>>> print(open('final33.txt').read())   # compact mmCIF, C-alpha atoms and all ligand atoms
# COMPACT_ATOMS: atom_id res chain seq x y z
CA MET V 16 -115.06 86.94 44.63
CA ALA V 17 -113.96 83.32 45.04
CA LYS V 18 -110.49 81.97 44.29
CA PHE V 19 -109.85 78.76 42.42
CA VAL V 20 -106.75 76.67 41.79
CA CYS V 21 -106.10 74.27 38.92
CA SER V 22 -105.36 70.87 40.49
CA GLY V 23 -103.31 70.00 37.42
CA CYS V 24 -100.75 72.78 37.47
CA GLY V 25 -101.56 75.17 40.35
CA THR V 26 -102.65 78.15 38.24
CA LEU V 27 -104.95 80.47 40.19
CA ALA V 28 -108.14 82.16 38.96
CA SER V 29 -110.68 84.48 40.61
CA GLY V 30 -114.36 84.88 39.79
CA GLU V 31 -117.85 83.73 40.67
CA GLU V 32 -117.38 80.35 38.95
CA PRO V 33 -114.24 78.27 38.30
CA PRO V 34 -112.94 78.37 34.70
CA VAL V 35 -113.85 75.26 32.71
CA ARG V 36 -110.45 74.96 31.08
CA CYS V 37 -107.10 75.97 32.59
CA PRO V 38 -105.46 78.64 30.41
CA SER V 39 -102.01 77.35 31.38
CA CYS V 40 -102.05 73.56 31.17
CA GLY V 41 -105.30 73.14 29.23
CA ALA V 42 -106.80 70.67 31.77
CA LYS V 43 -110.61 70.54 31.69
CA ASP V 44 -112.78 70.72 34.85
CA GLN V 45 -109.74 70.74 37.11
CA TYR V 46 -110.38 74.00 38.97
CA ARG V 47 -111.19 73.61 42.69
CA SER V 48 -111.95 76.26 45.25
CA THR V 49 -108.80 77.17 47.17
CA ASP V 50 -110.87 76.58 50.33
CA LEU V 51 -111.47 72.97 49.32
CA GLU V 52 -107.96 72.32 48.04
CA PRO V 53 -105.87 72.08 51.23
CA VAL V 54 -102.65 73.30 49.75
CA THR V 55 -99.74 73.71 52.13
CA LEU V 56 -96.09 74.24 51.37
CA GLU V 57 -95.43 70.76 52.75
CA GLU V 58 -97.86 69.24 50.24
CA VAL V 59 -96.31 71.25 47.42
CA ARG V 60 -92.86 70.00 48.36
CA GLY V 61 -94.20 66.43 48.52
CA ARG V 62 -95.58 66.73 45.00
CA ALA V 63 -92.27 68.16 43.79
CA ARG V 64 -90.47 65.18 45.36
CA ASP V 65 -92.67 62.79 43.35
CA LYS V 66 -92.17 64.70 40.11
CA LEU V 67 -88.42 65.18 40.50
CA LYS V 68 -87.50 61.51 41.10
CA ASN V 69 -83.73 60.94 40.73
CA ILE V 70 -83.17 64.68 40.21
CA CYS V 71 -83.99 66.29 43.56
CA ALA V 72 -85.30 64.60 46.72
CA VAL V 73 -86.52 67.91 48.17
CA TYR V 74 -84.61 67.29 51.38
CA PRO V 75 -85.58 69.23 54.52
CA VAL V 76 -82.14 70.86 54.26
CA CYS V 77 -80.92 71.65 50.74
CA ASP V 78 -77.18 71.86 51.40
CA GLY V 79 -75.50 70.39 48.32
CA GLY V 80 -73.93 67.63 50.43
CA PRO V 81 -72.03 64.84 48.61
CA ASP V 82 -74.64 62.22 49.59
CA ARG V 83 -77.58 64.15 48.10
CA ILE V 84 -79.05 62.67 44.93
CA CYS V 85 -78.38 65.88 42.98
CA GLN V 86 -74.64 65.44 43.70
CA LYS V 87 -74.15 61.71 44.08
CA GLU V 88 -72.26 59.92 41.30
CA ASN V 89 -72.56 62.94 39.08
CA TYR V 90 -69.63 62.18 36.79
CA GLY V 91 -70.76 62.98 33.28
CA ARG V 92 -74.39 63.24 34.40
CA ALA V 93 -76.57 66.25 33.59
CA ILE V 94 -76.30 68.88 36.33
CA GLY V 95 -80.01 68.67 37.23
CA MET V 96 -80.63 70.68 40.40
CA GLY V 97 -77.12 70.13 41.75
CA GLY V 98 -73.86 72.02 41.62
CA ILE V 99 -71.04 71.68 39.12
CA GLY V 100 -68.28 69.12 39.71
CA MET V 101 -68.07 67.98 43.31
CA GLY V 102 -70.62 70.58 44.32
CA ARG V 103 -68.18 72.53 46.48
CA SER V 104 -69.49 75.97 45.44
CA PHE V 105 -73.10 74.88 46.04
CA ARG V 106 -72.11 73.57 49.46
CA ASN V 107 -69.99 76.62 50.30
CA ASN V 108 -73.06 78.83 49.84
CA PHE V 109 -74.86 76.80 52.48
CA LEU V 110 -71.85 76.64 54.82
CA ALA V 111 -71.17 80.39 54.60
CA LEU V 112 -74.68 81.15 55.82
CA GLU V 113 -74.53 78.32 58.35
CA ALA V 114 -71.42 79.88 59.92
CA LEU V 115 -73.26 83.13 60.70
CA HIS V 116 -75.32 83.42 63.86
CA LEU V 117 -78.09 85.90 64.63
CA THR V 118 -78.29 87.80 67.91
CA THR V 119 -81.70 88.08 69.59
CA ARG V 120 -82.65 91.55 70.89
CA LEU V 121 -85.90 91.28 72.79
CA VAL V 122 -86.15 94.18 75.20
CA GLY V 123 -88.23 97.10 73.93
CA GLU V 124 -91.63 98.03 72.50
CA SER V 125 -93.59 95.54 70.39
CA PHE V 126 -93.87 96.31 66.68
CA GLU V 127 -95.04 94.92 63.34
CA PRO V 128 -91.91 94.91 61.15
CA SER V 129 -92.08 96.64 57.78
CA THR V 130 -90.50 94.67 54.94
CA GLU V 131 -91.64 96.97 52.13
CA PHE V 132 -88.95 97.20 49.47
CA ASP V 133 -88.51 100.03 46.99
CA PHE V 134 -87.06 98.87 43.68
CA PHE V 135 -86.43 101.87 41.43
CA GLY V 136 -89.69 103.52 42.49
CA ARG V 137 -91.81 100.34 42.56
CA LYS V 138 -92.91 98.99 45.92
CA PHE V 139 -92.77 95.29 46.76
CA SER V 140 -93.90 93.38 49.86
CA MET V 141 -90.41 92.06 50.59
CA PRO V 142 -86.75 92.37 49.55
CA ILE V 143 -86.96 88.83 48.15
CA PHE V 144 -87.35 87.89 44.48
CA GLY V 145 -87.70 84.61 42.61
CA ALA V 146 -84.28 84.04 40.99
CA SER V 147 -83.77 83.86 37.22
CA THR V 148 -83.95 80.14 36.42
CA SER V 149 -84.67 78.05 33.33
CA GLY V 150 -84.45 74.58 31.83
CA MET V 151 -87.18 73.01 33.96
CA SER V 152 -88.91 71.27 31.05
CA GLN V 153 -85.91 68.92 30.95
CA TYR V 154 -86.65 67.53 34.42
CA ASN V 155 -88.79 64.38 33.95
CA GLY V 156 -91.17 66.46 31.81
CA ALA V 157 -92.63 67.67 35.12
CA ILE V 158 -93.69 71.04 33.72
CA SER V 159 -93.49 72.82 30.37
CA GLU V 160 -91.01 75.66 30.14
CA LEU V 161 -93.64 78.33 29.57
CA ASP V 162 -95.84 77.02 32.41
CA PHE V 163 -92.83 77.11 34.68
CA CYS V 164 -92.09 80.73 33.75
CA ARG V 165 -95.76 81.67 34.20
CA ALA V 166 -96.00 79.91 37.56
CA THR V 167 -93.01 81.82 38.95
CA ILE V 168 -94.23 85.16 37.59
CA ARG V 169 -97.81 84.80 38.80
CA GLY V 170 -96.90 83.19 42.13
CA CYS V 171 -94.41 85.95 42.97
CA LEU V 172 -96.97 88.62 42.00
CA GLU V 173 -99.53 86.93 44.22
CA ALA V 174 -97.09 87.33 47.12
CA GLY V 175 -96.38 90.97 46.27
CA THR V 176 -93.01 90.50 44.64
CA LEU V 177 -91.46 89.66 41.25
CA ALA V 178 -89.90 86.69 39.51
CA TRP V 179 -86.72 87.13 37.53
CA ARG V 180 -86.64 84.98 34.39
CA GLY V 181 -83.63 83.14 33.01
CA ASP V 182 -82.11 82.04 29.73
CA THR V 183 -80.85 78.62 28.67
CA ALA V 184 -79.35 76.95 25.61
CA PHE V 185 -82.64 75.82 24.10
CA TYR V 186 -84.15 79.33 24.37
CA ARG V 187 -83.74 80.90 20.94
CA MET V 188 -84.05 84.42 19.67
CA ASP V 189 -87.39 83.53 18.03
CA ASN V 190 -88.64 81.21 20.79
CA HIS V 191 -87.56 82.49 24.18
CA PRO V 192 -89.90 81.58 27.08
CA GLY V 193 -87.98 83.92 29.41
CA ILE V 194 -88.77 87.18 27.62
CA GLU V 195 -92.09 85.86 26.23
CA SER V 196 -93.44 85.13 29.71
CA VAL V 197 -92.48 88.63 30.89
CA GLU V 198 -94.13 90.15 27.80
CA GLU V 199 -97.26 88.09 28.41
CA ALA V 200 -97.33 89.43 31.99
CA GLN V 201 -97.01 93.00 30.64
CA GLY V 202 -93.60 93.53 32.13
CA GLN V 203 -94.26 92.05 35.56
CA GLY V 204 -90.98 90.17 35.71
CA ILE V 205 -87.25 90.81 35.31
CA PRO V 206 -85.54 89.11 32.35
CA ILE V 207 -81.91 88.10 32.78
CA PHE V 208 -80.16 87.00 29.61
CA LYS V 209 -77.03 84.92 29.09
CA PRO V 210 -74.01 86.88 27.82
CA ARG V 211 -74.92 86.26 24.18
CA ARG V 212 -73.70 88.25 21.15
CA GLN V 213 -74.03 91.99 21.77
CA GLU V 214 -76.43 92.43 18.84
CA ASP V 215 -78.75 89.68 20.12
CA LEU V 216 -78.61 91.02 23.66
CA LYS V 217 -79.60 94.49 22.46
CA VAL V 218 -82.66 93.03 20.72
CA LEU V 219 -83.72 91.14 23.87
CA ILE V 220 -83.05 94.14 26.12
CA ALA V 221 -85.18 96.35 23.84
CA ARG V 222 -88.04 93.83 24.17
CA ALA V 223 -87.75 94.02 27.97
CA GLN V 224 -88.02 97.80 27.86
CA ALA V 225 -90.89 97.76 25.37
CA CYS V 226 -93.05 95.47 27.55
CA GLY V 227 -92.54 97.58 30.67
CA ALA V 228 -90.19 95.40 32.72
CA PRO V 229 -88.80 97.34 35.71
CA ALA V 230 -85.19 96.29 34.98
CA VAL V 231 -83.17 93.97 32.78
CA GLY V 232 -79.80 92.28 33.00
CA VAL V 233 -77.21 89.70 32.05
CA ASP V 234 -75.78 86.83 34.11
CA LEU V 235 -72.11 87.33 33.33
CA ASP V 236 -71.31 84.02 35.02
CA GLY V 237 -73.01 82.23 32.13
CA ALA V 238 -69.86 82.91 30.07
CA GLY V 239 -68.46 79.40 30.50
CA SER V 240 -71.55 77.51 29.33
CA THR V 241 -70.59 74.82 26.85
CA ASN V 242 -74.29 73.95 26.34
CA PHE V 243 -74.81 77.28 24.60
CA ALA V 244 -71.85 76.75 22.30
CA ARG V 245 -73.11 73.22 21.45
CA ALA V 246 -76.54 74.67 20.65
CA GLY V 247 -74.93 77.10 18.19
CA GLN V 248 -75.54 80.12 20.43
CA PRO V 249 -72.13 81.04 21.82
CA VAL V 250 -71.83 83.03 25.05
CA TYR V 251 -68.97 85.37 25.88
CA ARG V 252 -67.01 87.13 28.60
CA LYS V 253 -67.86 90.83 28.40
CA THR V 254 -65.44 93.75 28.46
CA PRO V 255 -66.24 96.90 30.48
CA ALA V 256 -66.91 98.68 27.15
CA GLU V 257 -69.40 95.99 26.11
CA ILE V 258 -71.17 96.16 29.48
CA GLN V 259 -71.36 99.93 29.11
CA GLU V 260 -72.78 99.52 25.60
CA LEU V 261 -75.58 97.32 26.99
CA VAL V 262 -76.25 99.73 29.87
CA ARG V 263 -76.51 102.62 27.42
CA SER V 264 -78.76 100.67 25.06
CA THR V 265 -81.69 100.90 27.50
CA GLN V 266 -83.42 103.31 29.84
CA LEU V 267 -84.03 100.46 32.29
CA PRO V 268 -81.85 99.95 35.35
CA PHE V 269 -79.25 97.40 34.27
CA ILE V 270 -78.46 94.33 36.38
CA VAL V 271 -75.24 92.37 36.30
CA LYS V 272 -75.65 88.96 37.91
CA GLY V 273 -72.97 86.48 38.91
CA ILE V 274 -70.29 88.69 40.46
CA MET V 275 -67.95 87.22 43.10
CA ASP V 276 -64.97 89.59 42.95
CA PRO V 277 -64.73 93.23 44.14
CA ASP V 278 -62.68 94.27 41.06
CA ASP V 279 -65.33 92.81 38.73
CA ALA V 280 -68.01 94.56 40.78
CA GLN V 281 -66.18 97.86 40.48
CA ALA V 282 -65.76 97.49 36.73
CA CYS V 283 -69.50 96.76 36.35
CA ALA V 284 -70.48 99.70 38.57
CA GLU V 285 -68.18 102.00 36.60
CA ALA V 286 -69.77 100.73 33.38
CA GLY V 287 -73.12 101.90 34.77
CA ALA V 288 -74.71 98.76 36.23
CA ALA V 289 -77.44 99.79 38.69
CA VAL V 290 -77.65 96.41 40.43
CA ILE V 291 -74.87 93.93 41.08
CA VAL V 292 -75.96 90.46 42.13
CA VAL V 293 -73.36 88.61 44.17
CA SER V 294 -73.93 85.06 42.96
CA ASN V 295 -72.07 81.93 41.91
CA HIS V 296 -75.16 80.72 40.02
CA GLY V 297 -76.11 78.43 42.90
CA GLY V 298 -72.69 76.75 42.56
CA ARG V 299 -73.41 75.62 39.01
CA VAL V 300 -70.73 77.32 36.93
CA LEU V 301 -67.36 76.75 38.66
CA ASP V 302 -66.47 74.27 41.39
CA SER V 303 -64.68 75.56 44.52
CA THR V 304 -65.73 79.20 44.67
CA PRO V 305 -66.34 80.68 48.12
CA GLY V 306 -69.88 80.91 49.45
CA THR V 307 -71.61 84.11 48.37
CA ALA V 308 -72.08 85.25 51.98
CA GLU V 309 -68.28 85.21 52.34
CA VAL V 310 -67.60 87.66 49.49
CA LEU V 311 -70.74 89.78 49.83
CA PRO V 312 -69.33 92.19 52.48
CA LEU V 313 -66.21 92.86 50.36
CA ILE V 314 -68.33 93.74 47.35
CA VAL V 315 -70.72 95.91 49.36
CA GLU V 316 -67.71 97.76 50.78
CA ARG V 317 -66.31 98.37 47.29
CA VAL V 318 -69.42 99.35 45.31
CA GLY V 319 -72.32 99.65 47.78
CA HIS V 320 -72.21 103.47 47.52
CA ARG V 321 -72.78 103.49 43.75
CA ALA V 322 -74.86 100.37 42.96
CA ALA V 323 -77.48 98.28 44.76
CA VAL V 324 -75.86 94.99 45.75
CA PHE V 325 -78.15 91.94 45.82
CA ALA V 326 -77.16 88.35 46.67
CA ASP V 327 -78.27 84.75 46.29
CA GLY V 328 -77.08 81.23 47.01
CA GLY V 329 -78.33 78.88 49.70
CA VAL V 330 -81.04 81.23 51.03
CA ARG V 331 -83.74 78.91 52.39
CA SER V 332 -85.52 80.88 55.15
CA GLY V 333 -86.31 84.35 56.40
CA GLY V 334 -83.39 83.96 58.82
CA ASP V 335 -81.05 83.38 55.87
CA VAL V 336 -82.53 86.44 54.14
CA LEU V 337 -81.87 88.47 57.28
CA LYS V 338 -78.23 87.31 57.32
CA MET V 339 -77.70 88.42 53.69
CA LEU V 340 -79.32 91.80 54.42
CA ALA V 341 -77.21 92.16 57.56
CA LEU V 342 -74.11 91.62 55.39
CA GLY V 343 -75.21 94.54 53.22
CA ALA V 344 -77.37 93.03 50.46
CA LYS V 345 -80.36 95.22 49.57
CA ALA V 346 -82.37 92.19 48.40
CA VAL V 347 -81.97 88.46 47.82
CA LEU V 348 -82.99 85.95 45.15
CA ILE V 349 -84.33 82.45 45.76
CA GLY V 350 -83.42 79.75 43.22
CA ARG V 351 -84.00 76.09 44.05
CA ASP V 352 -86.87 76.56 46.53
CA VAL V 353 -88.89 78.54 43.98
CA ILE V 354 -88.19 75.93 41.29
CA ARG V 355 -89.42 73.14 43.60
CA ALA V 356 -92.49 75.18 44.54
CA ALA V 357 -93.37 75.81 40.87
CA ILE V 358 -92.94 72.15 39.94
CA GLY V 359 -94.89 70.90 42.97
CA GLY V 360 -97.65 73.50 43.07
CA GLY V 361 -97.46 75.85 40.09
CA GLU V 362 -98.47 79.44 40.77
CA ILE V 363 -99.98 78.69 44.18
CA GLY V 364 -96.87 76.73 45.18
CA VAL V 365 -94.66 79.71 44.38
CA ALA V 366 -97.00 82.08 46.25
CA LEU V 367 -96.88 79.78 49.31
CA GLN V 368 -93.08 79.63 49.13
CA MET V 369 -92.69 83.41 48.90
CA ARG V 370 -95.23 84.03 51.68
CA HIS V 371 -93.36 81.53 53.86
CA LEU V 372 -90.14 83.46 53.32
CA LEU V 373 -91.90 86.74 54.14
CA LYS V 374 -93.43 85.31 57.31
CA THR V 375 -90.12 83.88 58.54
CA LEU V 376 -88.29 87.12 57.67
CA LYS V 377 -90.78 89.09 59.75
CA GLN V 378 -90.40 86.66 62.66
CA ALA V 379 -86.63 86.98 62.46
CA MET V 380 -86.91 90.79 62.38
CA VAL V 381 -89.08 90.80 65.53
CA MET V 382 -86.62 88.50 67.30
CA THR V 383 -83.65 90.68 66.38
CA GLY V 384 -85.35 94.01 67.05
CA CYS V 385 -85.47 95.28 63.43
CA ARG V 386 -88.52 97.45 62.69
CA ASP V 387 -87.68 97.94 59.04
CA LEU V 388 -85.08 97.06 56.43
CA ALA V 389 -82.99 100.13 57.26
CA SER V 390 -82.46 98.93 60.83
CA ILE V 391 -80.87 95.64 59.69
CA GLY V 392 -77.09 95.61 59.95
CA ARG V 393 -73.89 93.82 60.89
CA HIS V 394 -74.63 94.26 64.61
CA LEU V 395 -77.09 91.30 64.28
CA LEU V 396 -74.38 88.83 63.29
CA SER V 397 -71.76 86.79 65.04
CA LYS V 398 -69.59 84.04 63.50
CA SER V 399 -68.95 80.49 64.65
C1 LIG S 401 -81.89 74.53 37.93
C2 LIG S 401 -81.34 75.92 37.93
C3 LIG S 401 -81.42 76.70 36.78
C4 LIG S 401 -80.90 78.01 36.76
N1 LIG S 401 -81.01 78.76 35.63
C5 LIG S 401 -80.52 80.04 35.63
C6 LIG S 401 -80.71 80.91 34.49
O1 LIG S 401 -81.29 80.53 33.48
N2 LIG S 401 -80.23 82.17 34.58
C7 LIG S 401 -79.61 82.64 35.71
O2 LIG S 401 -79.23 83.82 35.76
N3 LIG S 401 -79.40 81.85 36.78
C8 LIG S 401 -79.87 80.58 36.78
N4 LIG S 401 -79.74 79.81 37.91
C9 LIG S 401 -79.10 80.38 39.11
C10 LIG S 401 -80.13 81.11 39.99
O3 LIG S 401 -80.55 82.32 39.41
C11 LIG S 401 -79.54 81.48 41.37
O4 LIG S 401 -78.38 82.24 41.18
C12 LIG S 401 -79.24 80.28 42.26
O5 LIG S 401 -80.15 79.24 42.04
C13 LIG S 401 -79.30 80.70 43.72
O6 LIG S 401 -78.96 79.64 44.56
P1 LIG S 401 -80.05 78.71 45.30
O7 LIG S 401 -80.59 77.81 44.26
O8 LIG S 401 -79.25 77.98 46.32
O9 LIG S 401 -81.12 79.61 45.90
C14 LIG S 401 -80.27 78.51 37.94
C15 LIG S 401 -80.22 77.73 39.10
C16 LIG S 401 -80.76 76.46 39.11
C17 LIG S 401 -80.69 75.65 40.39
>>> encode(input="final33.txt", output="structure tokens")
Amino acid sequence: MAKFVCSGCGTLASGEEPPVRCPSCGAKDQYRSTDLEPVTLEEVRGRARDKLKNICAVYPVCDGGPDRICQKENYGRAIGMGGIGMGRSFRNNFLALEALHLTTRLVGESFEPSTEFDFFGRKFSMPIFGASTSGMSQYNGAISELDFCRATIRGCLEAGTLAWRGDTAFYRMDNHPGIESVEEAQGQGIPIFKPRRQEDLKVLIARAQACGAPAVGVDLDGAGSTNFARAGQPVYRKTPAEIQELVRSTQLPFIVKGIMDPDDAQACAEAGAAVIVVSNHGGRVLDSTPGTAEVLPLIVERVGHRAAVFADGGVRSGGDVLKMLALGAKAVLIGRDVIRAAIGGGEIGVALQMRHLLKTLKQAMVMTGCRDLASIGRHLLSKS
């Protein structure tokens, strides 16, 4: 069976003949054989650069530096792909990973590293997921919101993993591309909702369970969003009792995303959260937090025995993934690089991005002598 890619939006299709019309973007006669369409990650990033003019320059190193266009002169400007305020939290994510060094361990038998990841009984090709993200339709009209969600879901599946889906102020209870895209994919995605009203959250969580999603969660660090309040959909801090109420409202493993403090992590674990994601939202919710790699070990130490601790923030390569795993994360999420891949290359762009991460993780595991995920640990790391 041949594989085809829509040149318009990157949606993939298999069959004897290419589809006439793309089911995602509606373009006619735009399907090309993937053999003829020389799609590389570099090309995808180039296309994203064109589409994201004045928002993101898709720099070789995405470090949140003050001279980057996402940060420069950002007073009063929409946050775009940058970090909040002076971008210090965004940058601290990068710097915290930058400060860690990996030790090569080369003497021994050759091996093909295993990166298979077990997530509550489901097997994935890697401990790397597409992060929950949203709001892309506001970026130069480069992609529609639903196409963006679809591209991340399908591209991650193509690479043997899953996309998490986000929630933003223009998603409404009756028009919510995050949960709708996961429903359309028959549960092959993980919806993460903003800390909305309890009653609304319970409705959304029930939809996640009904469509067969493997897990569901809330990004608690969305509590400060003024956009939601302006859009008439207030978001809230959540008490331990409210978190417990959400956990108990579903049979799905419950994820709490956006934790940077061991006491918060403990409260969430005690309330029954199965997964705690150490995250500062890519540095987008409060300026001047530490980098996630700095606080990750403290949180693993506190709750690692009772919840799976995941992490994100500044992870750009398999080497960065390895560092987060060595600090005790069970899995990592990728935000900005998956967004750029979806905007530049749709589904195939996301698949290329995730495969690149898998390839570079495997290389890093060979170079550090790690046959499988269980053999990754603190012994691989030194600090500058
Ligand atoms: C443009 C953008 C939109 C985001 N939207 C959401 C969202 O809707 N829900 C959420 O939980 N996190 C959201 N995040 C945060 C990501 O899930 C993730 O925590 C962060 O991007 C990781 O950092 P990285 O971009 O450096 O990989 C968003 C991040 C970006 C850059």
>>> residues_around(input="final33.txt", residues="Ile363 of chain V", least_positions_apart="3", cutoff="9 Å", atoms="all atoms listed in the file", output="PyMOL selection string")
chain V and resi 20+24-27+54+59+166+169-170+173+356-357+360+366-368
>>> closest_residue(input="final33.txt", among="V:Leu117, V:Met101, V:Cys385, V:Leu348", to="ligand LIG 401 (chain S)", atoms="all atoms listed in the file")
V:Leu348
>>> closest_residue(input="final33.txt", among="V:Thr375, V:Ser104, V:Thr176, V:Thr241", to="His296 of chain V", atoms="all atoms listed in the file")
V:Ser104
>>> residues_around(input="final33.txt", residues="Lys253 of chain V", least_positions_apart="4", cutoff="10 Å", atoms="only C-alpha atoms", output="JSON, numbers by chain")
{"V": [210, 211, 212, 213, 235, 238, 257, 258, 259]}
>>> closest_atom_pairs(input="final33.txt", of="chain V", to="ligand LIG 401 (chain S)", cutoff="6 Å", atoms="only C-alpha atoms and all ligand atoms", output="Markdown table")
| residue | atom | partner | partner_atom | distance |
| --- | --- | --- | --- | --- |
| V:Met96 | CA | S:LIG401 | C1 | 4.7 |
| V:Ala146 | CA | S:LIG401 | O3 | 4.4 |
| V:Ser147 | CA | S:LIG401 | O3 | 4.2 |
| V:Thr148 | CA | S:LIG401 | N1 | 3.3 |
| V:Ser149 | CA | S:LIG401 | O1 | 4.2 |
| V:Gly181 | CA | S:LIG401 | O1 | 3.5 |
| V:Asp182 | CA | S:LIG401 | O1 | 4.1 |
| V:Thr183 | CA | S:LIG401 | O1 | 5.2 |
| V:Ile207 | CA | S:LIG401 | O2 | 5.9 |
| V:Asp234 | CA | S:LIG401 | O2 | 4.9 |
| V:Ser294 | CA | S:LIG401 | O4 | 5.6 |
| V:His296 | CA | S:LIG401 | O4 | 3.7 |
| V:Gly297 | CA | S:LIG401 | O6 | 3.5 |
| V:Asp327 | CA | S:LIG401 | C13 | 4.9 |
| V:Gly328 | CA | S:LIG401 | O6 | 3.5 |
| V:Gly329 | CA | S:LIG401 | O8 | 3.6 |
| V:Val330 | CA | S:LIG401 | O9 | 5.4 |
| V:Ile349 | CA | S:LIG401 | O9 | 4.3 |
| V:Gly350 | CA | S:LIG401 | O5 | 3.5 |
| V:Arg351 | CA | S:LIG401 | O7 | 3.8 |
>>> closest_atom_pairs(input="final33.txt", of="segment 251-316 of chain V", to="segment 185-205 of chain V", cutoff="12 Å", atoms="all atoms listed in the file", output="Markdown table")
| residue | atom | partner | partner_atom | distance |
| --- | --- | --- | --- | --- |
| V:Leu267 | CA | V:Ile205 | CA | 10.6 |
| V:Pro268 | CA | V:Ile205 | CA | 10.6 |
| V:Phe269 | CA | V:Ile205 | CA | 10.4 |
| V:Ile270 | CA | V:Ile205 | CA | 9.5 |
>>> closest_residue(input="final33.txt", among="V:Pro312, V:Gly287, V:Gly97, V:Gly359", to="Val324 of chain V", atoms="only C-alpha atoms")
V:Pro312
>>> atom_distance(input="final33.txt", atom1="atom CA of Gly79 of chain V", atom2="atom CA of Arg355 of chain V")
15.0 Å
>>> residues_around(input="final33.txt", residues="Pro38 of chain V", least_positions_apart="4", cutoff="10 Å", atoms="all atoms listed in the file", output="mmCIF file with C-alpha atoms, in the coordinates of the input")
data_model
loop_
_atom_site.group_PDB
_atom_site.id
_atom_site.type_symbol
_atom_site.label_atom_id
_atom_site.label_comp_id
_atom_site.auth_asym_id
_atom_site.auth_seq_id
_atom_site.Cartn_x
_atom_site.Cartn_y
_atom_site.Cartn_z
ATOM 1 C CA CYS V 21 -106.100 74.270 38.920
ATOM 2 C CA THR V 26 -102.650 78.150 38.240
ATOM 3 C CA LEU V 27 -104.950 80.470 40.190
ATOM 4 C CA ALA V 28 -108.140 82.160 38.960
ATOM 5 C CA PRO V 34 -112.940 78.370 34.700
ATOM 6 C CA ALA V 42 -106.800 70.670 31.770
ATOM 7 C CA LYS V 43 -110.610 70.540 31.690
ATOM 8 C CA ASP V 162 -95.840 77.020 32.410
#
>>> closest_residue(input="final33.txt", among="V:Val271, V:Gly136, V:Gln248, V:Ser48", to="Glu32 of chain V", atoms="all atoms listed in the file")
V:Ser48
>>> axis_aligned_box(input="final33.txt", around="segment 132-141 of chain V", padding_each_side="5 Å", output="lines of an AutoDock Vina configuration file")
center_x = -90.2
center_y = 97.8
center_z = 46.0
size_x = 17.5
size_y = 21.5
size_z = 19.2
>>> residues_around(input="final33.txt", residues="segment 390-392 of chain V", least_positions_apart="4", cutoff="8 Å", atoms="only C-alpha atoms", output="ChimeraX atom specification")
/V:337,340-343,385-386
>>> atom_distance(input="final33.txt", atom1="atom CA of Phe134 of chain V", atom2="atom CA of Val233 of chain V")
17.8 Å
>>> residues_around(input="final33.txt", residues="Ala114 of chain V", least_positions_apart="3", cutoff="12 Å", atoms="all atoms listed in the file", output="list of chain:residue names")
V:Asn107, V:Asn108, V:Phe109, V:Leu110, V:Ala111, V:Leu117, V:Gly306, V:Ala308, V:Glu309, V:Asp335, V:Lys338, V:Leu396, V:Ser397, V:Lys398, V:Ser399
>>> atom_distance(input="final33.txt", atom1="atom CA of Phe243 of chain V", atom2="atom CA of Ser39 of chain V")
28.0 Å
>>> closest_residue(input="final33.txt", among="V:Arg36, V:Arg103, V:Lys377, V:Arg165", to="Ser303 of chain V", atoms="only C-alpha atoms")
V:Arg103
>>> build_atoms(input="final33.txt", residues="segment 254-263 of chain V", atoms="N, CA and C atoms", output="mmCIF file, in the frame of the given file")
data_model
loop_
_atom_site.group_PDB
_atom_site.id
_atom_site.type_symbol
_atom_site.label_atom_id
_atom_site.label_comp_id
_atom_site.auth_asym_id
_atom_site.auth_seq_id
_atom_site.Cartn_x
_atom_site.Cartn_y
_atom_site.Cartn_z
ATOM 1 N N THR V 254 -66.384 92.709 28.050
ATOM 2 C CA THR V 254 -65.440 93.750 28.460
ATOM 3 C C THR V 254 -66.230 94.878 29.125
ATOM 4 N N PRO V 255 -65.537 95.744 29.899
ATOM 5 C CA PRO V 255 -66.240 96.900 30.480
ATOM 6 C C PRO V 255 -66.935 97.728 29.399
ATOM 7 N N ALA V 256 -66.291 97.880 28.231
ATOM 8 C CA ALA V 256 -66.910 98.680 27.150
ATOM 9 C C ALA V 256 -68.195 98.013 26.653
ATOM 10 N N GLU V 257 -68.181 96.690 26.571
ATOM 11 C CA GLU V 257 -69.400 95.990 26.110
ATOM 12 C C GLU V 257 -70.525 96.097 27.151
ATOM 13 N N ILE V 258 -70.145 96.011 28.432
ATOM 14 C CA ILE V 258 -71.170 96.160 29.480
ATOM 15 C C ILE V 258 -71.768 97.567 29.395
ATOM 16 N N GLN V 259 -70.875 98.544 29.223
ATOM 17 C CA GLN V 259 -71.360 99.930 29.110
ATOM 18 C C GLN V 259 -72.282 100.103 27.892
ATOM 19 N N GLU V 260 -71.940 99.439 26.809
ATOM 20 C CA GLU V 260 -72.780 99.520 25.600
ATOM 21 C C GLU V 260 -74.192 98.983 25.892
ATOM 22 N N LEU V 261 -74.263 97.888 26.643
ATOM 23 C CA LEU V 261 -75.580 97.320 26.990
ATOM 24 C C LEU V 261 -76.339 98.258 27.926
ATOM 25 N N VAL V 262 -75.614 98.794 28.921
ATOM 26 C CA VAL V 262 -76.250 99.730 29.870
ATOM 27 C C VAL V 262 -76.845 100.909 29.103
ATOM 28 N N ARG V 263 -76.073 101.424 28.154
ATOM 29 C CA ARG V 263 -76.510 102.620 27.420
ATOM 30 C C ARG V 263 -77.585 102.320 26.376
#
